[in-house]
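Structure file upload.tsv (TSV, C-alpha atoms) follows.
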chain	number	residue	atom	x	y	z
A	1	MET	CA	-0.29	13.03	29.73
A	2	ILE	CA	-2.75	14.92	27.58
A	3	ALA	CA	-4.30	13.08	24.63
A	4	ALA	CA	-6.69	14.08	21.87
A	5	ILE	CA	-8.80	11.23	20.54
A	6	PRO	CA	-11.58	11.76	17.99
A	7	HIS	CA	-14.96	10.93	19.55
A	8	LEU	CA	-17.74	9.79	17.22
A	9	MET	CA	-21.33	9.67	18.40
A	10	PHE	CA	-23.76	7.25	16.80
A	11	GLN	CA	-27.46	6.89	17.46
A	12	GLY	CA	-28.08	3.16	17.61
A	13	ALA	CA	-25.76	2.13	14.77
A	14	MET	CA	-22.34	1.89	16.44
A	15	ALA	CA	-22.13	-1.93	16.26
A	16	ASP	CA	-23.18	-1.92	12.60
A	17	ALA	CA	-20.55	0.72	11.79
A	18	VAL	CA	-17.83	-1.31	13.53
A	19	ALA	CA	-18.94	-4.42	11.60
A	20	LEU	CA	-18.62	-2.53	8.29
A	21	TRP	CA	-15.28	-0.98	9.23
A	22	SER	CA	-13.95	-4.39	10.30
A	23	ARG	CA	-14.50	-5.60	6.75
A	24	ALA	CA	-12.57	-2.64	5.34
A	25	PHE	CA	-9.85	-2.78	8.01
A	26	PRO	CA	-9.32	-6.42	9.09
A	27	ASP	CA	-6.80	-5.32	11.76
A	28	LEU	CA	-9.38	-3.07	13.49
A	29	LYS	CA	-9.27	-3.48	17.25
A	30	ALA	CA	-12.29	-2.77	19.47
A	31	GLU	CA	-12.50	-2.69	23.25
A	32	GLN	CA	-15.71	-2.12	25.20
A	33	ARG	CA	-15.31	0.84	27.54
A	34	GLY	CA	-18.82	1.01	28.95
A	35	LYS	CA	-22.34	0.02	28.05
A	36	ASP	CA	-22.49	2.42	25.09
A	37	THR	CA	-18.80	3.16	24.48
A	38	LEU	CA	-16.07	1.46	22.44
A	39	HIS	CA	-12.44	2.32	21.99
A	40	VAL	CA	-11.40	1.30	18.47
A	41	THR	CA	-8.21	1.56	16.48
A	42	VAL	CA	-8.68	1.98	12.73
A	43	ALA	CA	-5.55	1.98	10.56
A	44	GLY	CA	-3.53	2.91	13.65
A	45	GLN	CA	-5.86	5.79	14.63
A	46	PRO	CA	-7.54	5.51	18.04
A	47	LEU	CA	-11.20	6.55	18.13
A	48	MET	CA	-13.80	6.65	20.87
A	49	LEU	CA	-17.25	5.59	19.70
A	50	PHE	CA	-20.42	6.31	21.63
A	51	ASP	CA	-23.89	4.97	20.90
A	52	SER	CA	-26.12	7.72	22.25
A	53	PRO	CA	-29.37	6.45	23.78
A	54	PRO	CA	-31.25	9.72	23.12
A	55	VAL	CA	-31.86	10.75	19.51
A	56	HIS	CA	-30.40	14.12	18.53
A	57	ASP	CA	-31.25	16.54	15.72
A	58	PHE	CA	-27.72	16.27	14.30
A	59	THR	CA	-25.34	13.67	12.94
A	60	PHE	CA	-21.91	13.62	11.34
A	61	THR	CA	-20.70	16.31	8.97
A	62	PRO	CA	-18.33	15.64	6.05
A	63	ALA	CA	-16.33	18.70	7.15
A	64	ILE	CA	-14.34	16.35	9.39
A	65	SER	CA	-13.15	13.10	7.85
A	66	LEU	CA	-10.78	10.24	8.46
A	67	LEU	CA	-7.96	10.32	5.90
A	68	ILE	CA	-6.73	6.84	5.01
A	69	THR	CA	-3.50	6.58	3.02
A	70	CYS	CA	-2.77	3.27	1.31
A	71	ASP	CA	0.37	1.70	-0.11
A	72	HIS	CA	-1.32	0.18	-3.15
A	73	ALA	CA	-4.14	1.13	-5.52
A	74	ALA	CA	-5.84	-2.21	-4.83
A	75	GLU	CA	-6.15	-1.23	-1.15
A	76	VAL	CA	-7.81	2.06	-2.10
A	77	ASP	CA	-10.26	0.19	-4.35
A	78	ARG	CA	-11.07	-2.45	-1.73
A	79	ILE	CA	-11.53	-0.09	1.22
A	80	ALA	CA	-13.52	2.45	-0.81
A	81	GLY	CA	-15.76	-0.29	-2.19
A	82	ILE	CA	-16.66	-1.52	1.28
A	83	LEU	CA	-17.14	1.87	2.93
A	84	ALA	CA	-19.21	3.23	0.03
A	85	GLU	CA	-21.83	0.45	0.35
A	86	GLY	CA	-25.06	2.37	0.96
A	87	GLY	CA	-23.10	5.57	1.52
A	88	HIS	CA	-22.57	8.76	-0.45
A	89	VAL	CA	-19.69	9.60	-2.79
A	90	PHE	CA	-18.48	13.21	-2.59
A	91	MET	CA	-15.60	12.67	-5.02
A	92	PRO	CA	-15.50	9.51	-7.14
A	93	LEU	CA	-12.49	7.23	-7.11
A	94	ASP	CA	-10.18	8.65	-9.74
A	95	ALA	CA	-6.77	10.21	-10.34
A	96	TYR	CA	-6.51	13.81	-9.15
A	97	PRO	CA	-3.61	16.29	-9.28
A	98	PHE	CA	-2.77	15.46	-5.64
A	99	SER	CA	-3.23	11.67	-5.86
A	100	PRO	CA	-3.16	8.95	-8.51
A	101	GLY	CA	-6.06	7.25	-6.68
A	102	TYR	CA	-8.43	9.14	-4.38
A	103	THR	CA	-12.04	9.12	-3.26
A	104	TRP	CA	-14.05	10.95	-0.61
A	105	ILE	CA	-17.12	9.20	0.70
A	106	ALA	CA	-19.47	9.10	3.67
A	107	ASP	CA	-20.30	5.58	4.78
A	108	ARG	CA	-23.95	4.66	5.35
A	109	PHE	CA	-23.62	5.87	8.95
A	110	GLY	CA	-22.51	9.35	7.88
A	111	VAL	CA	-18.82	9.04	8.82
A	112	SER	CA	-16.69	10.83	6.22
A	113	TRP	CA	-13.64	9.05	4.76
A	114	GLN	CA	-10.96	10.29	2.37
A	115	ILE	CA	-9.09	7.30	0.95
A	116	MET	CA	-6.00	7.86	-1.13
A	117	LEU	CA	-2.85	6.60	-2.70
A	118	PRO	CA	-0.18	9.23	-2.03
A	119	PRO	CA	1.78	10.63	-4.98
A	120	GLU	CA	4.70	8.40	-5.97
A	121	GLU	CA	7.29	10.91	-4.79
A	122	THR	CA	5.92	10.88	-1.21
A	123	ARG	CA	5.80	7.07	-0.79

Could you express the structure from this file as structure tokens?
Amino acid sequence: MIAAIPHLMFQGAMADAVALWSRAFPDLKAEQRGKDTLHVTVAGQPLMLFDSPPVHDFTFTPAISLLITCDHAAEVDRIAGILAEGGHVFMPLDAYPFSPGYTWIADRFGVSWQIMLPPEETR
């Protein structure tokens, strides 16, 4: 079997990121896969996380993001509020032509998240 799993590299902040994400996604599952590696599942999406011992001259880019779709506006508000703590808002939480509730943020670790309520007709 061939599988594609997003791999996110941190530089000393992996455990802190997982702690923040666990607040936003209480059903998050994490399994240690090595000294510096975790396999996590966030909102049903498997991710490999790596805490790189050497420091690199690069970090995450918002060009790739995790898109989270929610069933209720309150979920969008709650998740966005947690992930935005100390982060950066690219698009504020608001109604847009493609979503009645949407925001695009980078959490304080630089991971980019798009959080949205799908249009009524697609739910």

Go through A:Ala84, A:Val55, A:Ile115, A:Met48 one by one, measure the shortest atom-to-atom distance of each to Gln11 (chain A) using only C-alpha atoms, and give the residue with the smallest value.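 Once distances to Gln11 (chain A) are computed over only C-alpha atoms, the minimum belongs to A:Val55.
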
Tell me, in Å to one decimal, how far CA of Val111 (chain A) is from CA of Ile2 (chain A).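 Separation of CA of Val111 (chain A) and CA of Ile2 (chain A): 25.4 Å.
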
Counting only C-alpha atoms, figure out which residue out of A:Asp57, A:Trp21, A:Leu49, A:Asp71 gets nearest to Trp113 (chain A).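 With only C-alpha atoms as the atom set, the closest residue is A:Trp21.
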
Near-Gly86 (chain A) list (12 Å; only C-alpha atoms; drop same-chain fewer than 4 positions) as a PyMOL selection string: chain A and resi 17+20+80-82+105-110

In Å, rounded to a single decimal, give me how far CA of Arg23 (chain A) is from CA of Ala73 (chain A). 17.4 Å

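Using only C-alpha atoms, the shortest contact distance between Thr69 (chain A) and any of A:Ala3, A:Ala19, A:Ala13, A:Met116 is found at A:Met116.
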
Distance query Trp104 (chain A) at most 8 Å, all atoms listed in the file, self and fewer than 2 positions along chain excluded, as a PyMOL selection string: chain A and resi 89-93+102+106+112-115
